[in-house]
Amino acid sequence: MQTNFSIAQLSDPDMAASESILRSCVHCGFCTATCPTYLLLGDELDSPRGRIYQIKDMLESGLPAPKTVVKHIDRCLSCLSCMTTCPSGVHYQHLVDHGRAYINKTFRRPFFDRAFRSILSWILPYPDRFRAALVLAWLLRPFGSLVPGRVGAMLRLVPKRIPPRSPIEGPKVHKTEGAAFKRVALLAGCAQQVLSPSINESTIRLLNRHGVEVVTAKGAGCCGALVHHMGQAEEGHEAARRNVDAWTREIEADGLDAIIINASGCGTSVKDYGFMLRNDPAYASKAERVSAITKDIVEFMSDLGLKNPEPPKTLKLAYHSACSMQHGQQLKDEPKALLEDAGFQVDTPAESHICCGSAGVYNIMQPQFAEQLKARKAGNLSRLKPDAVVAGNIGCISQLQGAIDAPVLHTVELLDWATGGPKPEKLDY
């Protein structure tokens, strides 16, 4: 793609990176076949190729983002399916992130939109705030179907039962019973440890059982993806810096073999810290080191191998591959292979490459499209008639729970059970 940036514009490292990405696009259009919003709307402007053109024109102009461009960029899920499809290796993730940051700086949104985004940014990345907000929302949950728009979408996502605070929450070292031969840091996450603390509990039990000491580092918190994908780049970078500092202290004190992530959306973000902080002299090398040792839990366990799996019962599972897992991290076969090694029967649905509509806070910000994608995904999963659905991302789990007639669990909960852990509570209902 031909570009027309000025020399002054290209002196900005972010602009130079985007210009390089734009020039790698050859207009082929393969991306349109796998883009969820293009499949729903059939509008070129709501395809990756269309958005690339709009971002190019917006950045080259140097003018405030036009309202029409904002609309089509906001509709993008950042599912990154286009990156898997693209034969030219266009790094759409970095381009759309830059586009959103540019919109956030130059476009003034309507008051209620700004307020809603600010509230989400103030609550969701902080577990204590989120837990308090969730209790209030739970009281209003029965009225979710009566409330339109984003507020109604948010209420409909509130679970029927809010789990109690987990005893493992907070900075801790979780030691193995015998000698540990590996040491890792676990990102506890923000929303996940409130919505489903059993995921972290299962992860720690599984790792300890396999001779891996687990630390939840002091100072580590939200990965920053939630605000970063809303265009709040500096807030996202600040979250990244906090985590890099926390994990660097652990690396320098007692060493780390890996940083373990059990929410694939967070994993995609943490693995990108090296790029995000590449222009920060104080953090560039540290962030690169953190990204280099970050692994999703299924990635780590695939390398390690399951120890004496004894499946408690035969379960037919439908595996939902989160976009951040298969497209963001390119982990496609590992989760299913691990579940099969553990003795489970695993099927994948039709259109497994298409997003479920969760995508961070997309199911709140764009409820109309998110509901259509959820119904499409739930229909494909239901046709498999599974005993349970399994996924590796809390957003997808929350999105799909209740949409099909089967419990939705995290991969690690089943791997923990199959190697000696407790039966997941959801399987008792």
# chains A, B, ... in the order shown; residues from 1 in each chain; ligands from 1
$ residues_around --residues "Ser358 of chain A" --least-positions-apart "5" --cutoff "6 Å" --atoms "only C-alpha atoms" --output "list in words"
Asn363, Gly395, Cys396 and Gln399 of chain A
$ residues_around --residues "Ala188 of chain A" --least-positions-apart "6" --cutoff "10 Å" --atoms "only C-alpha atoms" --output "list in words"
Ile168, Glu169, Gly170, Pro171, Pro197, Ile199, Asn200, Glu201, Val215, Thr216, Ala217, Ala220, Gly221, Cys222, Cys223, Ile260, Ile261, Asn262 and Ala263 of chain A
$ closest_atom_pairs --of "segment 375-399 of chain A" --to "segment 317-339 of chain A" --cutoff "9 Å" --atoms "only C-alpha atoms" --output "Markdown table"
| residue | atom | partner | partner_atom | distance |
| --- | --- | --- | --- | --- |
| A:Lys377 | CA | A:His320 | CA | 8.9 |
| A:Leu381 | CA | A:Ala318 | CA | 6.5 |
| A:Ser382 | CA | A:Ala318 | CA | 8.6 |
| A:Leu384 | CA | A:Ala318 | CA | 6.8 |
| A:Lys385 | CA | A:Ala318 | CA | 8.2 |
| A:Pro386 | CA | A:Leu317 | CA | 5.3 |
| A:Asp387 | CA | A:Leu317 | CA | 6.0 |
| A:Ala388 | CA | A:Leu317 | CA | 5.2 |
| A:Val389 | CA | A:Ala318 | CA | 4.7 |
| A:Val390 | CA | A:Tyr319 | CA | 5.0 |
| A:Ala391 | CA | A:His320 | CA | 5.1 |
| A:Gly392 | CA | A:Ala322 | CA | 6.5 |
| A:Asn393 | CA | A:Ala322 | CA | 6.3 |
| A:Gly395 | CA | A:Ala322 | CA | 8.8 |
| A:Cys396 | CA | A:Ala322 | CA | 6.7 |
$ write_last_selection --atoms "N, CA and C atoms" --output "short mmCIF file (atom, residue, chain, number, x, y, z; two decimals), in the first residue's frame"
data_model
loop_
_atom_site.label_atom_id
_atom_site.label_comp_id
_atom_site.auth_asym_id
_atom_site.auth_seq_id
_atom_site.Cartn_x
_atom_site.Cartn_y
_atom_site.Cartn_z
N LYS A 377 -22.25 -18.35 17.77
CA LYS A 377 -21.30 -19.27 18.42
C LYS A 377 -22.04 -20.32 19.25
N LEU A 381 -21.85 -24.44 18.90
CA LEU A 381 -21.44 -25.28 20.03
C LEU A 381 -22.54 -26.27 20.40
N SER A 382 -23.77 -25.80 20.42
CA SER A 382 -24.90 -26.65 20.83
C SER A 382 -25.09 -27.83 19.89
N LEU A 384 -23.00 -29.73 18.74
CA LEU A 384 -22.11 -30.82 19.14
C LEU A 384 -22.69 -31.63 20.30
N LYS A 385 -23.74 -31.11 20.94
CA LYS A 385 -24.38 -31.76 22.10
C LYS A 385 -23.33 -32.16 23.16
N PRO A 386 -22.54 -31.19 23.64
CA PRO A 386 -21.47 -31.51 24.60
C PRO A 386 -21.99 -31.63 26.02
N ASP A 387 -21.22 -32.34 26.84
CA ASP A 387 -21.49 -32.36 28.28
C ASP A 387 -21.02 -31.05 28.92
N ALA A 388 -20.01 -30.46 28.33
CA ALA A 388 -19.48 -29.17 28.82
C ALA A 388 -18.75 -28.48 27.68
N VAL A 389 -18.68 -27.16 27.78
CA VAL A 389 -17.88 -26.36 26.86
C VAL A 389 -16.64 -25.92 27.61
N VAL A 390 -15.50 -25.90 26.93
CA VAL A 390 -14.26 -25.51 27.59
C VAL A 390 -13.59 -24.41 26.78
N ALA A 391 -13.03 -23.42 27.48
CA ALA A 391 -12.35 -22.30 26.85
C ALA A 391 -11.20 -21.85 27.74
N GLY A 392 -10.33 -21.03 27.18
CA GLY A 392 -9.15 -20.58 27.94
C GLY A 392 -9.13 -19.11 28.23
N ASN A 393 -10.32 -18.47 28.24
CA ASN A 393 -10.38 -17.03 28.47
C ASN A 393 -11.64 -16.68 29.24
N GLY A 395 -13.33 -13.97 29.51
CA GLY A 395 -14.31 -13.21 28.76
C GLY A 395 -15.24 -14.11 27.97
N CYS A 396 -14.66 -15.09 27.28
CA CYS A 396 -15.47 -16.03 26.51
C CYS A 396 -16.36 -16.87 27.44
#
$ closest_atom_pairs --of "segment 113-181 of chain A" --to "segment 227-231 of chain A" --cutoff "12 Å" --atoms "only C-alpha atoms" --output "CSV"
residue,atom,partner,partner_atom,distance
A:Asp113,CA,A:Met230,CA,11.6
A:Arg114,CA,A:Met230,CA,10.8
A:Phe116,CA,A:Met230,CA,11.5
A:Arg117,CA,A:Met230,CA,7.9
A:Ser118,CA,A:Val227,CA,9.5
A:Ile119,CA,A:Val227,CA,11.1
A:Leu120,CA,A:Val227,CA,8.6
A:Ser121,CA,A:Val227,CA,6.1
A:Trp122,CA,A:Val227,CA,9.4
A:Ile123,CA,A:Val227,CA,10.9
A:Leu124,CA,A:Val227,CA,9.3
A:Pro125,CA,A:Val227,CA,8.4
A:Tyr126,CA,A:Val227,CA,11.9
$ write_last_selection --atoms "C-alpha atoms" --output "mmCIF file, in the first residue's frame"
data_model
loop_
_atom_site.group_PDB
_atom_site.id
_atom_site.type_symbol
_atom_site.label_atom_id
_atom_site.label_comp_id
_atom_site.auth_asym_id
_atom_site.auth_seq_id
_atom_site.Cartn_x
_atom_site.Cartn_y
_atom_site.Cartn_z
ATOM 1 C CA ASP A 113 -19.937 7.713 26.077
ATOM 2 C CA ARG A 114 -16.976 9.371 27.809
ATOM 3 C CA PHE A 116 -19.318 5.169 30.558
ATOM 4 C CA ARG A 117 -15.793 4.472 29.351
ATOM 5 C CA SER A 118 -14.341 6.256 32.376
ATOM 6 C CA ILE A 119 -16.471 4.182 34.745
ATOM 7 C CA LEU A 120 -15.375 0.931 33.117
ATOM 8 C CA SER A 121 -11.728 2.016 33.242
ATOM 9 C CA TRP A 122 -12.045 2.967 36.916
ATOM 10 C CA ILE A 123 -13.762 -0.267 37.994
ATOM 11 C CA LEU A 124 -12.842 -3.285 35.883
ATOM 12 C CA PRO A 125 -9.027 -3.362 36.312
ATOM 13 C CA TYR A 126 -9.306 -3.249 40.126
#
$ select_by_dssp --residues "segment 69-241 of chain A" --states "alpha helix (DSSP H)" --output "ChimeraX atom specification"
/A:69-74,81-85,92-106,111-123,127-140,149-156,191-195,197-209,225-228,233-241
$ residues_around --residues "Arg75 of chain A" --least-positions-apart "5" --cutoff "12 Å" --atoms "only C-alpha atoms" --output "CSV table (one decimal) with C-alpha atoms, in the first residue's frame"
chain,number,residue,atom,x,y,z
A,35,CYS,CA,-13.8,-10.8,9.9
A,36,PRO,CA,-16.9,-11.2,12.2
A,37,THR,CA,-18.3,-7.7,11.6
A,38,TYR,CA,-17.9,-8.0,7.8
A,40,LEU,CA,-22.5,-9.7,9.9
A,41,LEU,CA,-22.8,-6.4,8.0
A,43,ASP,CA,-19.8,-3.5,4.7
A,45,LEU,CA,-15.8,-0.3,6.0
A,46,ASP,CA,-16.4,-2.9,8.7
A,47,SER,CA,-13.7,-5.2,7.3
A,48,PRO,CA,-10.0,-5.2,8.2
A,51,ARG,CA,-10.4,-0.2,8.5
A,68,THR,CA,-17.5,7.9,10.7
A,69,VAL,CA,-14.0,6.5,11.2
A,70,VAL,CA,-14.6,6.3,14.9
A,96,VAL,CA,-5.7,-0.7,15.2
A,100,ARG,CA,-7.6,3.8,18.8
A,229,HIS,CA,-8.1,-1.5,23.7
A,230,MET,CA,-10.2,1.6,24.5
A,357,GLY,CA,-18.5,-11.5,20.7
A,359,ALA,CA,-13.6,-9.3,23.1
A,361,VAL,CA,-15.6,-5.0,26.9
A,362,TYR,CA,-17.0,-5.3,23.4
A,363,ASN,CA,-20.0,-7.2,24.7
A,364,ILE,CA,-20.8,-4.1,26.8
A,365,MET,CA,-19.8,-1.4,24.3
A,366,GLN,CA,-21.3,-3.0,21.2
A,367,PRO,CA,-24.1,-5.2,22.6
A,368,GLN,CA,-26.1,-5.5,19.3
A,369,PHE,CA,-23.2,-7.1,17.4
A,370,ALA,CA,-22.0,-9.1,20.5
$ residues_around --residues "segment 302-312 of chain A" --least-positions-apart "5" --cutoff "8 Å" --atoms "only C-alpha atoms" --output "ChimeraX atom specification"
/A:210,334,338,341-344,417-420
$ write_last_selection --atoms "C-alpha atoms" --output "JSON list (two decimals), in the first residue's frame"
[["chain", "number", "residue", "atom", "x", "y", "z"],
["A", 210, "HIS", "CA", 3.79, -30.99, 38.71],
["A", 334, "GLU", "CA", -2.10, -27.29, 22.37],
["A", 338, "LEU", "CA", -3.81, -31.52, 26.44],
["A", 341, "ASP", "CA", -4.08, -36.45, 26.78],
["A", 342, "ALA", "CA", -6.10, -36.10, 29.98],
["A", 343, "GLY", "CA", -8.65, -38.57, 28.60],
["A", 344, "PHE", "CA", -11.47, -36.29, 27.50],
["A", 417, "TRP", "CA", -9.44, -32.50, 37.93],
["A", 418, "ALA", "CA", -7.93, -35.11, 35.62],
["A", 419, "THR", "CA", -4.60, -35.05, 37.48],
["A", 420, "GLY", "CA", -5.95, -35.35, 41.03]]
$ atom_distance --atom1 "atom CA of His91 of chain A" --atom2 "atom CA of Arg242 of chain A"
25.8 Å
$ atom_distance --atom1 "atom CA of Cys356 of chain A" --atom2 "atom CA of Cys28 of chain A"
25.6 Å
$ residues_around --residues "Glu19 of chain A" --least-positions-apart "5" --cutoff "9 Å" --atoms "only C-alpha atoms" --output "VMD selection string"
chain A and resid 3 to 5 10 14 24 56 95
$ closest_residue --among "A:Ile251, A:Leu206, A:Val346, A:Val244" --to "Ala282 of chain A" --atoms "only C-alpha atoms"
A:Val244
$ residues_around --residues "Phe107 of chain A" --least-positions-apart "5" --cutoff "8 Å" --atoms "only C-alpha atoms" --output "MDAnalysis selection string"
chainID A and resid 64:67
$ select_by_dssp --residues "segment 116-328 of chain A" --states "strand (DSSP E)" --output "ChimeraX atom specification"
/A:172-174,182-186,212-216,258-261,294-296,316-319
$ write_last_selection --atoms "N, CA and C atoms" --output "tab-separated table (two decimals), in the first residue's frame"
chain	number	residue	atom	x	y	z
A	172	LYS	N	1.46	-14.02	47.23
A	172	LYS	CA	1.78	-15.22	48.00
A	172	LYS	C	2.77	-16.07	47.22
A	173	VAL	N	3.42	-16.98	47.94
A	173	VAL	CA	4.24	-18.02	47.32
A	173	VAL	C	3.57	-19.35	47.60
A	174	HIS	N	3.26	-20.09	46.57
A	174	HIS	CA	2.58	-21.38	46.69
A	174	HIS	C	3.61	-22.47	46.39
A	182	LYS	N	10.87	-26.07	39.10
A	182	LYS	CA	10.64	-24.86	38.34
A	182	LYS	C	9.94	-23.84	39.24
A	183	ARG	N	10.12	-22.57	38.91
A	183	ARG	CA	9.47	-21.48	39.66
A	183	ARG	C	8.87	-20.52	38.66
A	184	VAL	N	7.59	-20.19	38.85
A	184	VAL	CA	6.89	-19.31	37.90
A	184	VAL	C	6.11	-18.24	38.66
A	185	ALA	N	5.81	-17.16	37.96
A	185	ALA	CA	4.90	-16.13	38.48
A	185	ALA	C	3.57	-16.29	37.76
A	186	LEU	N	2.48	-16.19	38.50
A	186	LEU	CA	1.14	-16.26	37.92
A	186	LEU	C	0.51	-14.88	37.94
A	212	VAL	N	6.05	-27.41	40.35
A	212	VAL	CA	6.30	-26.01	39.99
A	212	VAL	C	5.86	-25.09	41.12
A	213	GLU	N	6.78	-24.32	41.67
A	213	GLU	CA	6.45	-23.32	42.68
A	213	GLU	C	5.84	-22.10	41.99
A	214	VAL	N	4.80	-21.56	42.61
A	214	VAL	CA	4.05	-20.46	42.00
A	214	VAL	C	4.05	-19.25	42.92
A	215	VAL	N	4.42	-18.10	42.38
A	215	VAL	CA	4.36	-16.86	43.14
A	215	VAL	C	3.39	-15.91	42.46
A	216	THR	N	2.53	-15.29	43.24
A	216	THR	CA	1.74	-14.16	42.74
A	216	THR	C	2.43	-12.91	43.28
A	258	ALA	N	9.17	-18.89	34.08
A	258	ALA	CA	8.11	-18.42	33.18
A	258	ALA	C	7.17	-17.50	33.95
A	259	ILE	N	6.44	-16.70	33.20
A	259	ILE	CA	5.30	-15.95	33.72
A	259	ILE	C	4.07	-16.61	33.12
A	260	ILE	N	3.21	-17.11	33.97
A	260	ILE	CA	2.06	-17.91	33.53
A	260	ILE	C	0.81	-17.04	33.48
A	261	ILE	N	0.11	-17.12	32.35
A	261	ILE	CA	-1.15	-16.41	32.17
A	261	ILE	C	-2.24	-17.44	31.90
A	294	THR	N	6.87	-15.20	28.94
A	294	THR	CA	5.44	-15.32	29.22
A	294	THR	C	4.84	-16.48	28.43
A	295	LYS	N	4.06	-17.30	29.13
A	295	LYS	CA	3.42	-18.45	28.50
A	295	LYS	C	1.99	-18.60	29.00
A	296	ASP	N	1.10	-18.96	28.12
A	296	ASP	CA	-0.23	-19.37	28.56
A	296	ASP	C	-0.08	-20.68	29.33
A	316	LYS	N	-17.77	-35.50	27.10
A	316	LYS	CA	-17.69	-35.00	25.75
A	316	LYS	C	-17.61	-33.48	25.83
A	317	LEU	N	-16.49	-32.95	25.39
A	317	LEU	CA	-16.25	-31.51	25.50
A	317	LEU	C	-16.33	-30.85	24.13
A	318	ALA	N	-16.87	-29.65	24.12
A	318	ALA	CA	-16.80	-28.78	22.94
A	318	ALA	C	-15.76	-27.71	23.26
A	319	TYR	N	-14.68	-27.67	22.49
A	319	TYR	CA	-13.62	-26.70	22.76
A	319	TYR	C	-13.85	-25.42	21.97
$ residues_around --residues "Arg23 of chain A" --least-positions-apart "2" --cutoff "10 Å" --atoms "only C-alpha atoms" --output "PDB file with N, CA and C atoms, in the first residue's frame"
ATOM      1  N   MET A   1       0.845  -1.190   0.000  1.00  0.00           N
ATOM      2  CA  MET A   1       0.000   0.000   0.000  1.00  0.00           C
ATOM      3  C   MET A   1       0.881   1.240   0.000  1.00  0.00           C
ATOM      4  N   GLN A   2       0.593   2.172  -0.889  1.00  0.00           N
ATOM      5  CA  GLN A   2       1.359   3.411  -0.940  1.00  0.00           C
ATOM      6  C   GLN A   2       0.921   4.341   0.177  1.00  0.00           C
ATOM      7  N   THR A   3       1.882   4.983   0.825  1.00  0.00           N
ATOM      8  CA  THR A   3       1.580   5.913   1.914  1.00  0.00           C
ATOM      9  C   THR A   3       2.161   7.282   1.599  1.00  0.00           C
ATOM     10  N   SER A  18       3.355   2.287  12.294  1.00  0.00           N
ATOM     11  CA  SER A  18       2.097   2.114  11.561  1.00  0.00           C
ATOM     12  C   SER A  18       2.307   2.245  10.059  1.00  0.00           C
ATOM     13  N   GLU A  19       3.181   3.161   9.656  1.00  0.00           N
ATOM     14  CA  GLU A  19       3.456   3.325   8.229  1.00  0.00           C
ATOM     15  C   GLU A  19       4.048   2.049   7.645  1.00  0.00           C
ATOM     16  N   SER A  20       4.921   1.391   8.391  1.00  0.00           N
ATOM     17  CA  SER A  20       5.509   0.135   7.938  1.00  0.00           C
ATOM     18  C   SER A  20       4.447  -0.953   7.799  1.00  0.00           C
ATOM     19  N   ILE A  21       3.521  -0.988   8.753  1.00  0.00           N
ATOM     20  CA  ILE A  21       2.430  -1.974   8.687  1.00  0.00           C
ATOM     21  C   ILE A  21       1.551  -1.702   7.474  1.00  0.00           C
ATOM     22  N   CYS A  25       0.453  -4.110   3.469  1.00  0.00           N
ATOM     23  CA  CYS A  25      -0.863  -4.544   2.990  1.00  0.00           C
ATOM     24  C   CYS A  25      -0.903  -4.482   1.465  1.00  0.00           C
ATOM     25  N   VAL A  26      -1.387  -5.587   0.844  1.00  0.00           N
ATOM     26  CA  VAL A  26      -1.429  -5.652  -0.623  1.00  0.00           C
ATOM     27  C   VAL A  26      -2.871  -5.658  -1.144  1.00  0.00           C
ATOM     28  N   LYS A  56      -5.271   4.677   7.707  1.00  0.00           N
ATOM     29  CA  LYS A  56      -4.245   5.324   6.884  1.00  0.00           C
ATOM     30  C   LYS A  56      -4.627   6.777   6.604  1.00  0.00           C
ATOM     31  N   VAL A  90       0.387  -8.640   7.673  1.00  0.00           N
ATOM     32  CA  VAL A  90       0.029  -7.303   8.147  1.00  0.00           C
ATOM     33  C   VAL A  90      -0.281  -7.381   9.646  1.00  0.00           C
TER      34      VAL A  90
END
$ closest_residue --among "A:Ile397, A:Ile204, A:Ala33, A:Ala350" --to "His410 of chain A" --atoms "only C-alpha atoms"
A:Ile397
$ atom_distance --atom1 "atom CA of Thr314 of chain A" --atom2 "atom CA of Leu427 of chain A"
12.5 Å
$ closest_residue --among "A:Ala378, A:Leu256, A:Cys266, A:Leu134" --to "Arg289 of chain A" --atoms "only C-alpha atoms"
A:Leu256
